[in-house]
$ cat query.txt   # compact mmCIF, C-alpha atoms and all ligand atoms
# COMPACT_ATOMS: atom_id res chain seq x y z
CA MET C 394 69.44 -27.88 -58.97
CA ASN C 395 66.10 -27.50 -57.21
CA ALA C 396 64.32 -25.33 -54.70
CA LYS C 397 63.89 -27.30 -51.48
CA SER C 398 62.02 -26.81 -48.25
CA ILE C 399 64.36 -26.78 -45.21
CA ALA C 400 62.01 -25.59 -42.47
CA GLU C 401 58.48 -24.27 -42.15
CA GLU C 402 57.88 -21.78 -44.96
CA THR C 403 61.62 -21.68 -45.59
CA TYR C 404 63.35 -22.76 -48.78
CA VAL C 405 66.87 -23.08 -50.09
CA LEU C 406 67.77 -22.36 -53.68
CA SER C 407 71.18 -23.82 -54.26
CA MET C 408 73.32 -23.83 -57.36
CA ASN C 409 76.58 -25.72 -57.88
CA VAL C 410 79.35 -23.91 -59.70
CA GLU C 411 82.42 -25.59 -61.19
CA ASP C 412 85.31 -24.77 -63.48
CA ILE C 413 85.91 -21.31 -62.12
CA LEU C 414 88.56 -19.87 -59.87
CA PHE C 415 86.75 -18.62 -56.79
CA GLU C 416 87.29 -14.87 -56.43
CA GLY C 417 89.25 -15.21 -59.67
CA ALA C 418 92.15 -16.76 -57.76
CA TRP C 419 91.33 -19.88 -55.78
CA GLU C 420 91.14 -23.35 -57.25
CA ILE C 421 87.98 -25.27 -56.26
CA PRO C 422 88.61 -28.90 -57.25
CA ASN C 423 85.19 -30.03 -56.01
CA GLY C 424 83.22 -26.93 -57.01
CA VAL C 425 81.17 -24.72 -54.71
CA SER C 426 77.50 -24.10 -54.08
CA ILE C 427 75.87 -20.70 -53.97
CA ASN C 428 72.87 -20.80 -51.67
CA SER C 429 70.00 -18.35 -51.48
CA TYR C 430 67.09 -18.67 -49.10
CA ILE C 431 63.44 -17.68 -49.16
CA ILE C 432 61.19 -17.12 -46.17
CA LYS C 433 57.51 -16.94 -46.98
CA GLY C 434 55.64 -15.30 -44.13
CA GLU C 435 52.85 -12.84 -44.82
CA LYS C 436 55.65 -11.04 -46.58
CA THR C 437 58.30 -12.84 -48.61
CA ALA C 438 62.02 -12.25 -48.09
CA VAL C 439 64.97 -13.47 -50.15
CA ILE C 440 68.23 -13.86 -48.29
CA ASP C 441 71.28 -13.42 -50.48
CA GLY C 442 71.11 -13.90 -54.23
CA PHE C 443 73.09 -15.59 -56.93
CA CYS C 444 75.85 -13.89 -58.78
CA GLY C 445 76.33 -14.01 -62.52
CA TRP C 446 78.60 -17.04 -62.55
CA ASP C 447 76.08 -19.04 -64.56
CA GLY C 448 74.22 -16.22 -66.28
CA ALA C 449 71.82 -15.80 -63.30
CA PRO C 450 69.48 -14.27 -62.18
CA GLU C 451 67.43 -16.31 -64.64
CA THR C 452 68.45 -19.41 -62.70
CA LEU C 453 67.08 -17.90 -59.53
CA PHE C 454 63.80 -17.01 -61.19
CA THR C 455 63.42 -20.58 -62.47
CA LEU C 456 63.94 -21.88 -58.95
CA LEU C 457 61.44 -19.39 -57.56
CA SER C 458 58.82 -20.67 -59.99
CA GLN C 459 59.30 -24.19 -58.55
CA ILE C 460 57.98 -22.93 -55.22
CA ASN C 461 55.32 -20.74 -56.80
CA ILE C 462 56.92 -17.45 -55.94
CA ASN C 463 56.51 -14.65 -58.38
CA PRO C 464 59.60 -12.39 -58.15
CA GLU C 465 57.25 -9.41 -58.20
CA SER C 466 55.81 -10.48 -54.84
CA ILE C 467 59.15 -10.36 -53.04
CA GLU C 468 59.02 -7.66 -50.41
CA TYR C 469 62.47 -7.83 -48.86
CA LEU C 470 65.90 -8.59 -50.16
CA ILE C 471 68.25 -9.24 -47.28
CA ILE C 472 71.85 -8.65 -48.18
CA ASN C 473 73.94 -10.28 -45.50
CA HIS C 474 77.07 -9.37 -47.45
CA MET C 475 77.52 -7.26 -50.54
CA GLU C 476 80.13 -9.41 -52.31
CA PRO C 477 78.67 -10.12 -55.75
CA ASP C 478 78.44 -13.90 -55.14
CA HIS C 479 75.59 -12.99 -52.77
CA SER C 480 74.14 -9.87 -54.33
CA GLY C 481 75.04 -9.85 -58.02
CA TRP C 482 71.48 -10.16 -59.28
CA ILE C 483 70.16 -6.89 -57.81
CA GLU C 484 70.40 -4.88 -60.99
CA LYS C 485 68.38 -7.36 -63.06
CA PHE C 486 65.95 -7.97 -60.22
CA LYS C 487 65.27 -4.24 -60.09
CA LEU C 488 63.98 -4.37 -63.65
CA ILE C 489 61.35 -6.95 -62.66
CA ASN C 490 60.40 -5.60 -59.26
CA PRO C 491 61.39 -2.01 -58.59
CA ASN C 492 59.51 -1.89 -55.28
CA PHE C 493 61.51 -4.36 -53.18
CA LYS C 494 63.15 -3.19 -49.97
CA ILE C 495 66.73 -3.96 -49.07
CA LEU C 496 67.77 -4.80 -45.54
CA CYS C 497 71.52 -4.65 -44.91
CA SER C 498 74.21 -3.15 -42.69
CA LYS C 499 75.30 0.48 -42.91
CA LYS C 500 78.57 -0.59 -44.53
CA ALA C 501 76.70 -2.64 -47.13
CA GLN C 502 74.57 0.41 -47.91
CA ASP C 503 77.70 2.36 -48.90
CA LEU C 504 78.91 -0.56 -51.00
CA LEU C 505 75.53 -0.90 -52.74
CA ALA C 506 75.79 2.68 -53.93
CA ALA C 507 79.37 2.17 -55.10
CA PHE C 508 78.86 -1.20 -56.83
CA TYR C 509 75.33 -0.95 -58.25
CA GLY C 510 74.31 2.70 -57.87
CA GLN C 511 71.56 1.40 -55.58
CA THR C 512 70.61 4.16 -53.13
CA GLU C 513 66.84 3.80 -52.70
CA ASN C 514 64.62 1.59 -50.54
CA ILE C 515 67.41 0.60 -48.17
CA THR C 516 66.91 0.08 -44.46
CA CYS C 517 70.07 -0.38 -42.42
CA VAL C 518 69.99 -2.92 -39.63
CA LYS C 519 72.37 -3.39 -36.73
CA ASP C 520 72.93 -5.86 -33.93
CA GLY C 521 69.65 -7.00 -32.39
CA ASP C 522 67.32 -5.15 -34.81
CA THR C 523 64.26 -7.13 -35.88
CA VAL C 524 61.92 -7.21 -38.85
CA ASP C 525 58.58 -9.04 -38.74
CA LEU C 526 57.56 -10.89 -41.91
CA GLY C 527 54.29 -12.06 -40.33
CA ASP C 528 53.22 -15.66 -39.60
CA GLY C 529 55.68 -15.66 -36.68
CA HIS C 530 58.77 -15.08 -38.82
CA VAL C 531 60.58 -12.38 -36.90
CA LEU C 532 64.05 -11.82 -38.28
CA SER C 533 66.83 -10.66 -36.01
CA PHE C 534 70.22 -9.43 -37.22
CA THR C 535 73.73 -9.94 -35.90
CA GLU C 536 76.75 -8.08 -37.18
CA ILE C 537 79.69 -10.37 -37.99
CA PRO C 538 82.09 -7.86 -39.56
CA ASN C 539 84.89 -9.15 -41.79
CA VAL C 540 83.44 -12.59 -42.18
CA HIS C 541 83.99 -11.90 -44.97
CA TRP C 542 83.81 -8.18 -45.76
CA PRO C 543 83.31 -5.37 -43.23
CA ASP C 544 79.60 -5.25 -44.08
CA THR C 545 78.65 -8.81 -43.15
CA ILE C 546 75.64 -9.65 -41.00
CA ALA C 547 73.89 -12.92 -40.15
CA THR C 548 70.09 -13.18 -40.13
CA LEU C 549 68.22 -15.35 -37.63
CA ASP C 550 64.62 -16.38 -38.18
CA THR C 551 63.35 -16.73 -34.61
CA ALA C 552 60.38 -18.81 -35.80
CA THR C 553 62.53 -21.71 -37.01
CA GLY C 554 65.85 -20.99 -35.24
CA THR C 555 67.57 -20.87 -38.63
CA LEU C 556 70.69 -18.73 -38.79
CA PHE C 557 71.40 -17.55 -42.31
CA SER C 558 75.10 -17.05 -41.79
CA CYS C 559 76.28 -16.08 -45.29
CA ASP C 560 80.04 -16.76 -45.67
CA ALA C 561 80.41 -17.82 -42.03
CA PHE C 562 80.16 -21.59 -41.45
CA GLY C 563 80.35 -22.25 -45.20
CA GLY C 564 82.49 -24.61 -47.21
CA PHE C 565 83.50 -25.45 -50.77
CA GLY C 566 82.24 -28.54 -52.55
CA LYS C 567 79.21 -29.27 -54.67
CA ILE C 568 75.96 -30.12 -52.93
CA GLY C 569 74.78 -33.67 -53.60
CA SER C 570 71.26 -35.08 -53.31
CA SER C 571 70.65 -33.65 -49.83
CA ILE C 572 71.76 -30.25 -48.58
CA PHE C 573 71.95 -31.34 -44.94
CA ALA C 574 75.41 -32.17 -43.57
CA ASP C 575 73.92 -34.87 -41.32
CA ASP C 576 72.84 -36.81 -44.45
CA LEU C 577 76.47 -37.21 -45.57
CA ASP C 578 78.11 -40.58 -44.95
CA GLU C 579 81.45 -40.80 -43.16
CA ASN C 580 83.54 -40.52 -46.34
CA GLU C 581 81.51 -37.66 -47.76
CA LEU C 582 81.78 -35.82 -44.46
CA LYS C 583 85.58 -36.27 -44.41
CA LYS C 584 85.77 -34.91 -47.93
CA TYR C 585 83.55 -31.98 -46.99
CA GLU C 586 85.74 -31.27 -43.97
CA VAL C 587 88.75 -30.81 -46.29
CA ASP C 588 86.66 -28.59 -48.56
CA THR C 589 85.60 -26.56 -45.53
CA ILE C 590 89.21 -26.13 -44.41
CA ARG C 591 90.10 -25.12 -47.98
CA TYR C 592 87.28 -22.56 -47.96
CA PHE C 593 88.10 -21.26 -44.49
CA SER C 594 91.85 -20.95 -45.06
CA ASN C 595 91.69 -19.60 -48.62
CA ILE C 596 88.75 -17.23 -48.30
CA LEU C 597 88.26 -16.32 -44.64
CA GLY C 598 91.69 -17.24 -43.23
CA THR C 599 93.08 -13.72 -43.07
CA PHE C 600 90.10 -12.78 -40.92
CA SER C 601 90.48 -15.59 -38.39
CA PRO C 602 90.26 -13.29 -35.33
CA GLN C 603 86.98 -11.87 -36.62
CA ALA C 604 85.73 -15.37 -37.47
CA LYS C 605 86.44 -16.41 -33.89
CA LYS C 606 84.45 -13.41 -32.61
CA ALA C 607 81.59 -14.30 -34.95
CA VAL C 608 81.50 -17.85 -33.60
CA LEU C 609 81.35 -16.58 -30.00
CA LYS C 610 78.56 -14.18 -30.92
CA CYS C 611 76.51 -16.77 -32.81
CA GLU C 612 76.92 -19.32 -30.01
CA ASN C 613 74.84 -17.00 -27.84
CA LEU C 614 71.91 -16.95 -30.26
CA PRO C 615 69.02 -19.45 -30.12
CA VAL C 616 70.21 -21.31 -33.22
CA LYS C 617 68.76 -24.67 -34.23
CA MET C 618 70.09 -24.79 -37.77
CA ILE C 619 72.85 -23.02 -39.68
CA ALA C 620 72.16 -22.22 -43.32
CA PRO C 621 75.29 -20.75 -44.91
CA GLY C 622 75.74 -19.04 -48.27
CA HIS C 623 78.06 -21.82 -49.48
CA GLY C 624 77.99 -25.51 -48.66
CA TYR C 625 75.86 -27.76 -46.49
CA ILE C 626 73.22 -26.82 -43.91
CA TRP C 627 73.93 -27.89 -40.34
CA ARG C 628 71.08 -29.20 -38.16
CA GLU C 629 73.58 -29.67 -35.33
CA PRO C 630 74.97 -26.13 -35.28
CA GLY C 631 77.52 -26.89 -32.56
CA LEU C 632 79.50 -29.12 -34.92
CA ILE C 633 80.32 -26.42 -37.44
CA MET C 634 80.68 -23.73 -34.76
CA ASP C 635 83.33 -25.83 -32.98
CA ALA C 636 85.06 -26.62 -36.27
CA TYR C 637 85.20 -22.94 -37.22
CA SER C 638 86.52 -22.03 -33.80
CA LYS C 639 89.39 -24.52 -34.25
CA TYR C 640 90.16 -23.38 -37.79
CA ALA C 641 90.42 -19.80 -36.57
CA ASP C 642 92.86 -20.86 -33.84
CA TYR C 643 95.09 -22.68 -36.34
CA GLN C 644 96.07 -19.37 -37.92
CA LYS C 645 98.39 -18.50 -35.07
CA GLY C 646 99.16 -22.14 -34.27
CA PRO C 647 99.84 -24.60 -32.98
CA ALA C 648 97.62 -26.41 -35.42
CA LYS C 649 97.33 -30.22 -35.75
CA GLU C 650 100.17 -32.68 -35.29
CA GLU C 651 100.87 -32.61 -39.02
CA ILE C 652 103.65 -31.53 -41.36
CA THR C 653 103.31 -30.02 -44.82
CA LEU C 654 106.23 -30.49 -47.18
CA VAL C 655 106.25 -27.97 -50.03
CA TRP C 656 108.88 -28.47 -52.68
CA SER C 657 110.06 -27.32 -56.08
CA SER C 658 112.92 -28.26 -58.34
CA MET C 659 114.05 -27.21 -61.82
CA TYR C 660 116.47 -30.00 -62.75
CA GLY C 661 115.96 -32.62 -60.05
CA MET C 662 118.80 -31.79 -57.61
CA THR C 663 116.52 -30.57 -54.82
CA GLU C 664 114.09 -33.33 -55.78
CA LYS C 665 116.69 -36.01 -54.91
CA ALA C 666 116.79 -34.66 -51.38
CA VAL C 667 112.99 -34.43 -51.30
CA GLN C 668 112.70 -38.14 -52.16
CA PHE C 669 115.03 -38.89 -49.28
CA ALA C 670 113.08 -36.55 -46.97
CA VAL C 671 109.84 -38.36 -47.76
CA LYS C 672 111.41 -41.68 -46.65
CA VAL C 673 112.54 -40.07 -43.41
CA LEU C 674 109.06 -38.62 -42.82
CA GLU C 675 107.47 -42.01 -43.48
CA SER C 676 109.57 -43.49 -40.69
CA GLN C 677 108.45 -40.87 -38.18
CA ASN C 678 104.85 -41.84 -37.46
CA ILE C 679 103.40 -38.43 -38.22
CA LYS C 680 100.73 -37.34 -40.70
CA PHE C 681 102.16 -35.30 -43.57
CA HIS C 682 101.04 -33.62 -46.80
CA ILE C 683 103.28 -33.13 -49.86
CA HIS C 684 102.87 -30.42 -52.48
CA GLN C 685 105.02 -29.46 -55.42
CA VAL C 686 104.85 -25.87 -56.64
CA PRO C 687 103.85 -24.44 -59.03
CA GLU C 688 102.11 -27.73 -59.97
CA ASP C 689 99.92 -27.48 -56.86
CA SER C 690 98.11 -24.18 -56.44
CA TRP C 691 98.56 -21.67 -53.59
CA GLY C 692 95.13 -22.63 -52.35
CA THR C 693 96.04 -26.31 -52.09
CA VAL C 694 99.28 -25.58 -50.23
CA ILE C 695 97.53 -23.17 -47.86
CA THR C 696 94.80 -25.73 -47.13
CA SER C 697 97.43 -28.22 -45.89
CA ALA C 698 99.62 -25.64 -44.18
CA TRP C 699 96.61 -24.29 -42.29
CA THR C 700 96.26 -27.48 -40.25
CA SER C 701 100.00 -28.22 -40.03
CA THR C 702 102.12 -27.20 -37.07
CA GLY C 703 105.31 -28.07 -38.98
CA LEU C 704 106.46 -27.09 -42.46
CA ILE C 705 109.29 -28.42 -44.61
CA LEU C 706 110.30 -26.20 -47.51
CA ALA C 707 112.57 -27.47 -50.26
CA MET C 708 113.58 -25.18 -53.12
CA PRO C 709 116.56 -24.29 -55.28
CA THR C 710 118.18 -20.91 -55.79
CA TYR C 711 117.13 -18.99 -58.88
CA GLU C 712 118.80 -15.74 -59.95
CA PHE C 713 120.27 -15.14 -56.46
CA LYS C 714 116.86 -15.63 -54.87
CA MET C 715 114.36 -18.36 -54.14
CA PHE C 716 112.74 -20.29 -57.01
CA PRO C 717 109.92 -17.82 -57.81
CA PRO C 718 106.82 -20.08 -57.51
CA MET C 719 107.99 -21.03 -54.02
CA ALA C 720 108.52 -17.39 -53.09
CA SER C 721 105.03 -16.41 -54.25
CA THR C 722 103.50 -19.33 -52.33
CA LEU C 723 105.28 -18.21 -49.17
CA GLU C 724 104.17 -14.61 -49.70
CA GLU C 725 100.57 -15.80 -49.91
CA MET C 726 100.99 -17.87 -46.74
CA GLY C 727 102.29 -14.73 -45.04
CA LYS C 728 99.32 -12.69 -46.20
CA LYS C 729 96.96 -15.31 -44.80
CA LYS C 730 98.95 -14.89 -41.56
CA ILE C 731 99.93 -18.54 -41.18
CA GLN C 732 102.08 -17.78 -38.16
CA ASN C 733 104.23 -19.42 -35.49
CA ARG C 734 105.07 -22.55 -37.47
CA LYS C 735 108.03 -24.87 -36.85
CA VAL C 736 110.00 -24.94 -40.10
CA PHE C 737 112.88 -26.83 -41.70
CA SER C 738 114.20 -25.90 -45.14
CA PHE C 739 116.76 -27.19 -47.62
CA GLY C 740 117.68 -26.85 -51.28
CA SER C 741 120.27 -26.92 -54.03
CA TYR C 742 122.26 -24.06 -55.55
CA GLY C 743 124.86 -23.68 -58.31
CA TRP C 744 127.26 -20.93 -57.28
CA SER C 745 125.98 -18.17 -54.98
CA GLY C 746 122.97 -19.57 -53.12
CA GLY C 747 120.21 -17.13 -52.07
CA ALA C 748 116.99 -19.15 -51.57
CA GLN C 749 117.40 -19.50 -47.81
CA LYS C 750 118.25 -15.82 -47.48
CA GLU C 751 115.03 -14.86 -49.23
CA LEU C 752 113.08 -17.21 -46.99
CA ALA C 753 114.33 -15.26 -43.97
CA GLU C 754 113.50 -11.98 -45.72
CA ILE C 755 109.90 -12.97 -46.58
CA THR C 756 109.03 -14.43 -43.20
CA THR C 757 110.50 -11.44 -41.35
CA ARG C 758 108.85 -8.85 -43.57
CA LEU C 759 105.44 -10.52 -43.22
CA GLY C 760 105.78 -11.02 -39.46
CA MET C 761 105.23 -14.76 -39.72
CA ASN C 762 107.27 -15.56 -36.62
CA TRP C 763 108.39 -18.95 -37.93
CA ASP C 764 110.82 -20.90 -35.78
CA PHE C 765 113.54 -22.48 -37.94
CA VAL C 766 115.51 -25.66 -37.54
CA GLU C 767 119.04 -25.11 -39.03
CA PRO C 768 118.62 -25.14 -42.87
CA VAL C 769 120.68 -27.29 -45.25
CA GLU C 770 121.94 -25.80 -48.54
CA PHE C 771 123.98 -27.92 -50.93
CA LEU C 772 125.94 -27.35 -54.11
CA GLY C 773 124.44 -29.38 -56.99
CA ALA C 774 123.31 -32.84 -55.93
CA PRO C 775 122.98 -33.63 -52.21
CA GLY C 776 125.90 -35.68 -50.83
CA GLU C 777 125.83 -38.26 -48.03
CA GLU C 778 126.75 -35.70 -45.40
CA GLU C 779 124.00 -33.33 -46.50
CA LEU C 780 121.40 -36.08 -46.56
CA GLN C 781 122.40 -36.94 -43.02
CA LYS C 782 121.89 -33.30 -42.03
CA ILE C 783 118.49 -33.33 -43.71
CA GLU C 784 117.52 -36.45 -41.79
CA ASN C 785 118.62 -34.82 -38.54
CA GLY C 786 116.69 -31.65 -39.41
CA ILE C 787 113.49 -33.55 -40.11
CA ILE C 788 113.76 -35.60 -36.93
CA ALA C 789 114.37 -32.42 -34.91
CA LEU C 790 111.33 -30.80 -36.56
CA VAL C 791 109.07 -33.80 -35.96
CA ASN C 792 110.08 -33.87 -32.29
CA GLU C 793 109.34 -30.19 -31.89
CA VAL C 794 105.95 -30.55 -33.56
CA LYS C 795 105.03 -33.54 -31.42
CA ALA C 796 106.13 -31.79 -28.23
CA LEU C 797 104.19 -28.65 -29.08
CA CYS C 798 101.04 -30.51 -30.03
CA SER C 799 101.09 -32.75 -26.97
CA ASN C 800 101.50 -29.66 -24.73
CA ASN C 801 98.53 -28.19 -26.47
CA LYS C 802 96.18 -31.18 -26.18
C1 LIG M 1 117.43 -19.89 -64.37
C2 LIG M 1 118.39 -20.32 -63.30
C3 LIG M 1 118.91 -19.38 -62.43
C4 LIG M 1 119.81 -19.75 -61.44
N1 LIG M 1 120.31 -18.81 -60.59
C5 LIG M 1 121.21 -19.17 -59.62
C6 LIG M 1 121.78 -18.22 -58.75
O1 LIG M 1 121.51 -17.04 -58.82
N2 LIG M 1 122.65 -18.62 -57.79
C7 LIG M 1 122.95 -19.94 -57.63
O2 LIG M 1 123.70 -20.30 -56.72
N3 LIG M 1 122.45 -20.87 -58.47
C8 LIG M 1 121.59 -20.51 -59.45
N4 LIG M 1 121.08 -21.45 -60.31
C9 LIG M 1 121.54 -22.83 -60.20
C10 LIG M 1 120.55 -23.72 -59.48
O3 LIG M 1 120.28 -23.23 -58.20
C11 LIG M 1 121.16 -25.11 -59.43
O4 LIG M 1 121.23 -25.61 -60.76
C12 LIG M 1 120.40 -26.08 -58.56
O5 LIG M 1 121.06 -27.32 -58.53
C13 LIG M 1 118.98 -26.29 -59.09
O6 LIG M 1 118.33 -27.20 -58.27
P1 LIG M 1 117.12 -28.08 -58.88
O7 LIG M 1 117.71 -29.10 -59.81
O8 LIG M 1 116.49 -28.66 -57.68
O9 LIG M 1 116.25 -27.12 -59.63
C14 LIG M 1 120.19 -21.09 -61.31
C15 LIG M 1 119.66 -22.03 -62.19
C16 LIG M 1 118.79 -21.65 -63.17
C17 LIG M 1 118.22 -22.70 -64.12
FE FE M 2 82.32 -13.21 -49.30
FE FE M 3 80.50 -15.85 -50.46

$ encode --input "query.txt" --output "structure tokens" --more "lines below"
Ligand SMILES: Cc1cc2nc3c(=O)[nH]c(=O)nc-3n(C[C@H](O)[C@H](O)[C@H](O)COP(=O)(O)O)c2cc1C
Ligand SMILES: [Fe+2]
Ligand SMILES: [Fe+2]
Amino acid sequence: MNAKSIAEETYVLSMNVEDILFEGAWEIPNGVSINSYIIKGEKTAVIDGFCGWDGAPETLFTLLSQININPESIEYLIINHMEPDHSGWIEKFKLINPNFKILCSKKAQDLLAAFYGQTENITCVKDGDTVDLGDGHVLSFTEIPNVHWPDTIATLDTATGTLFSCDAFGGFGKIGSSIFADDLDENELKKYEVDTIRYFSNILGTFSPQAKKAVLKCENLPVKMIAPGHGYIWREPGLIMDAYSKYADYQKGPAKEEITLVWSSMYGMTEKAVQFAVKVLESQNIKFHIHQVPEDSWGTVITSAWTSTGLILAMPTYEFKMFPPMASTLEEMGKKKIQNRKVFSFGSYGWSGGAQKELAEITTRLGMNWDFVEPVEFLGAPGEEELQKIENGIIALVNEVKALCSNNK
């Protein structure tokens, strides 16, 4: 972890965090970076600040010393977004430098009072407002509400064309030796793409319409470089803007020509049919993801489902309902508004059934608008006839997905 120069008089302070659940809920298998930025004009501004995930702000102060910045000399603290992963150090910082000024949106001002009792030295900024740090560094602000909270803004330094975009255009994953996305090799970039889809779908997914608006707004700014609050910095801003625009569209589908199979089984009856289903899928020349719940987390399932136009759900009945980990995964998919998917489902039951009925209940209640191929429910182990029906269901689903995705190309 080091402070690094990314543009004239502009520095990134980035810290990798691992072994936590992001927001207390979301698995991050490859970690996440928390990025803060410093602009040193005649006046010095810090954009976003570390949270307490590693016992910061001491970490931040160590990094500041690497670029010879005394925390007492910091004039402005720009809070693009009040969520504590970007602002959590304010209270301790206040003890060192009580004279700093906060720049943030009106909504963030209200949150600052509620979260930290901070009511003084705050200037609210809105779309198009500017603040001059001297030495040519004129900062201009753009409201991007709900990416991720209602308070969020992005800050553009017109001197360097750097857009400090906070949660927008970010991704999970630890930062390696370089913080620039264009320094990643092909494999690293592919890995980062998955981490970015995980971040987008798990953290920002619910707000896809607002993310889309943010992309359109930021595309109209004179941006040369995007410096997000999490993940790599983009020196070709169009790449991540286009990617974000696509990810936002996937929420309502169609997404990619892919299928996600989510399955669960208590005693192996449903699993027998899943093993058969995998063979059928392998013969269909289509990309697919497989996840077992609860072994795989909600976040992992949602990451795959986000880019999949088709879903296959396999689960047994449990106490007249759906096997609970499957039901909670589906509820979470509904809350993220993963809508308009093509879906095939099957599963085993012992006497009454009930899993398929609950599937209809959840998807209707959450307005998911999923289009179902006829489900297959079987008593105990799947027989030949049922396996045949499962094969037919999968082939019908694959054809629908391919037709939809080719219409949408
Ligand atoms: C705790 C528990 C609750 C169950 N509740 C029901 C039920 O309400 N109705 C039903 O038809 N079967 C019920 N079953 C039976 C299972 O659905 C059946 O054993 C099925 O084959 C399990 O599939 P699996 O081996 O893929 O887990 C229950 C089984 C268990 C272990
Ligand atoms: Fe956030
Ligand atoms: Fe964040």

$ residues_around --input "query.txt" --residues "C:Val686" --least-positions-apart "6" --cutoff "12 Å" --atoms "all atoms listed in the file" --output "list in words"
Leu654, Val655, Trp656, Ser657, Ser658, Met659, Glu664, Gly692, Thr693, Val694, Ile695, Leu706, Ala707, Met708, Pro709, Phe716, Pro717, Pro718, Met719, Ala720, Ser721, Thr722 and Leu723 of chain C

$ residues_near_ligand --input "query.txt" --ligand "ligand FE 2 (chain M)" --cutoff "12 Å" --atoms "all atoms listed in the file" --output "number ranges by chain"
C: 415-416, 427, 441, 444, 472-481, 537-546, 558-564, 592-593, 595-598, 600, 621-623

$ residues_around --input "query.txt" --residues "C:Lys639" --least-positions-apart "5" --cutoff "12 Å" --atoms "only C-alpha atoms" --output "PDB file with C-alpha atoms, keeping the file's coordinate frame"
ATOM      1  CA  ILE C 590      89.210 -26.130 -44.410  1.00  0.00           C
ATOM      2  CA  PHE C 593      88.100 -21.260 -44.490  1.00  0.00           C
ATOM      3  CA  SER C 594      91.850 -20.950 -45.060  1.00  0.00           C
ATOM      4  CA  GLY C 598      91.690 -17.240 -43.230  1.00  0.00           C
ATOM      5  CA  SER C 601      90.480 -15.590 -38.390  1.00  0.00           C
ATOM      6  CA  PRO C 602      90.260 -13.290 -35.330  1.00  0.00           C
ATOM      7  CA  ALA C 604      85.730 -15.370 -37.470  1.00  0.00           C
ATOM      8  CA  LYS C 605      86.440 -16.410 -33.890  1.00  0.00           C
ATOM      9  CA  VAL C 608      81.500 -17.850 -33.600  1.00  0.00           C
ATOM     10  CA  LEU C 632      79.500 -29.120 -34.920  1.00  0.00           C
ATOM     11  CA  ILE C 633      80.320 -26.420 -37.440  1.00  0.00           C
ATOM     12  CA  MET C 634      80.680 -23.730 -34.760  1.00  0.00           C
ATOM     13  CA  GLN C 644      96.070 -19.370 -37.920  1.00  0.00           C
ATOM     14  CA  LYS C 645      98.390 -18.500 -35.070  1.00  0.00           C
ATOM     15  CA  GLY C 646      99.160 -22.140 -34.270  1.00  0.00           C
ATOM     16  CA  PRO C 647      99.840 -24.600 -32.980  1.00  0.00           C
ATOM     17  CA  ALA C 648      97.620 -26.410 -35.420  1.00  0.00           C
ATOM     18  CA  LYS C 649      97.330 -30.220 -35.750  1.00  0.00           C
ATOM     19  CA  TRP C 699      96.610 -24.290 -42.290  1.00  0.00           C
ATOM     20  CA  THR C 700      96.260 -27.480 -40.250  1.00  0.00           C
TER      21      THR C 700
END

$ residues_near_ligand --input "query.txt" --ligand "ligand LIG 1 (chain M)" --cutoff "9 Å" --atoms "all atoms listed in the file" --output "VMD selection string"
chain C and resid 657 to 666 707 to 716 740 to 748 771 to 774

$ residues_around --input "query.txt" --residues "stretch 506-516 of chain C" --least-positions-apart "2" --cutoff "12 Å" --atoms "all atoms listed in the file" --output "number ranges by chain"
C: 468-472, 475-477, 480-487, 491-504, 518-519, 522-524

$ closest_residue --input "query.txt" --among "C:Ile467, C:Glu770, C:Gly624, C:Glu451" --to "ligand FE 3 (chain M)" --atoms "all atoms listed in the file"
C:Gly624

$ atom_distance --input "query.txt" --atom1 "atom CA of C:Leu582" --atom2 "atom CA of C:Asn801"
25.7 Å

$ residues_near_point --input "query.txt" --point "(59.6, -12.6, -59.9)" --cutoff "10 Å" --atoms "all atoms listed in the file" --output "number ranges by chain"
C: 451, 453-455, 457-458, 461-467, 486, 489-490

$ residues_near_point --input "query.txt" --point "(74.5, -25.0, -37.8)" --cutoff "10 Å" --atoms "all atoms listed in the file" --output "ChimeraX atom specification"
/C:554-558,562-563,573-574,611-612,616-621,625-634

$ axis_aligned_box --input "query.txt" --around "stretch 469-484 of chain C" --padding-each-side "5 Å" --output "JSON"
{"center_x": 71.3, "center_y": -9.4, "center_z": -53.2, "size_x": 27.7, "size_y": 19.0, "size_z": 25.5}
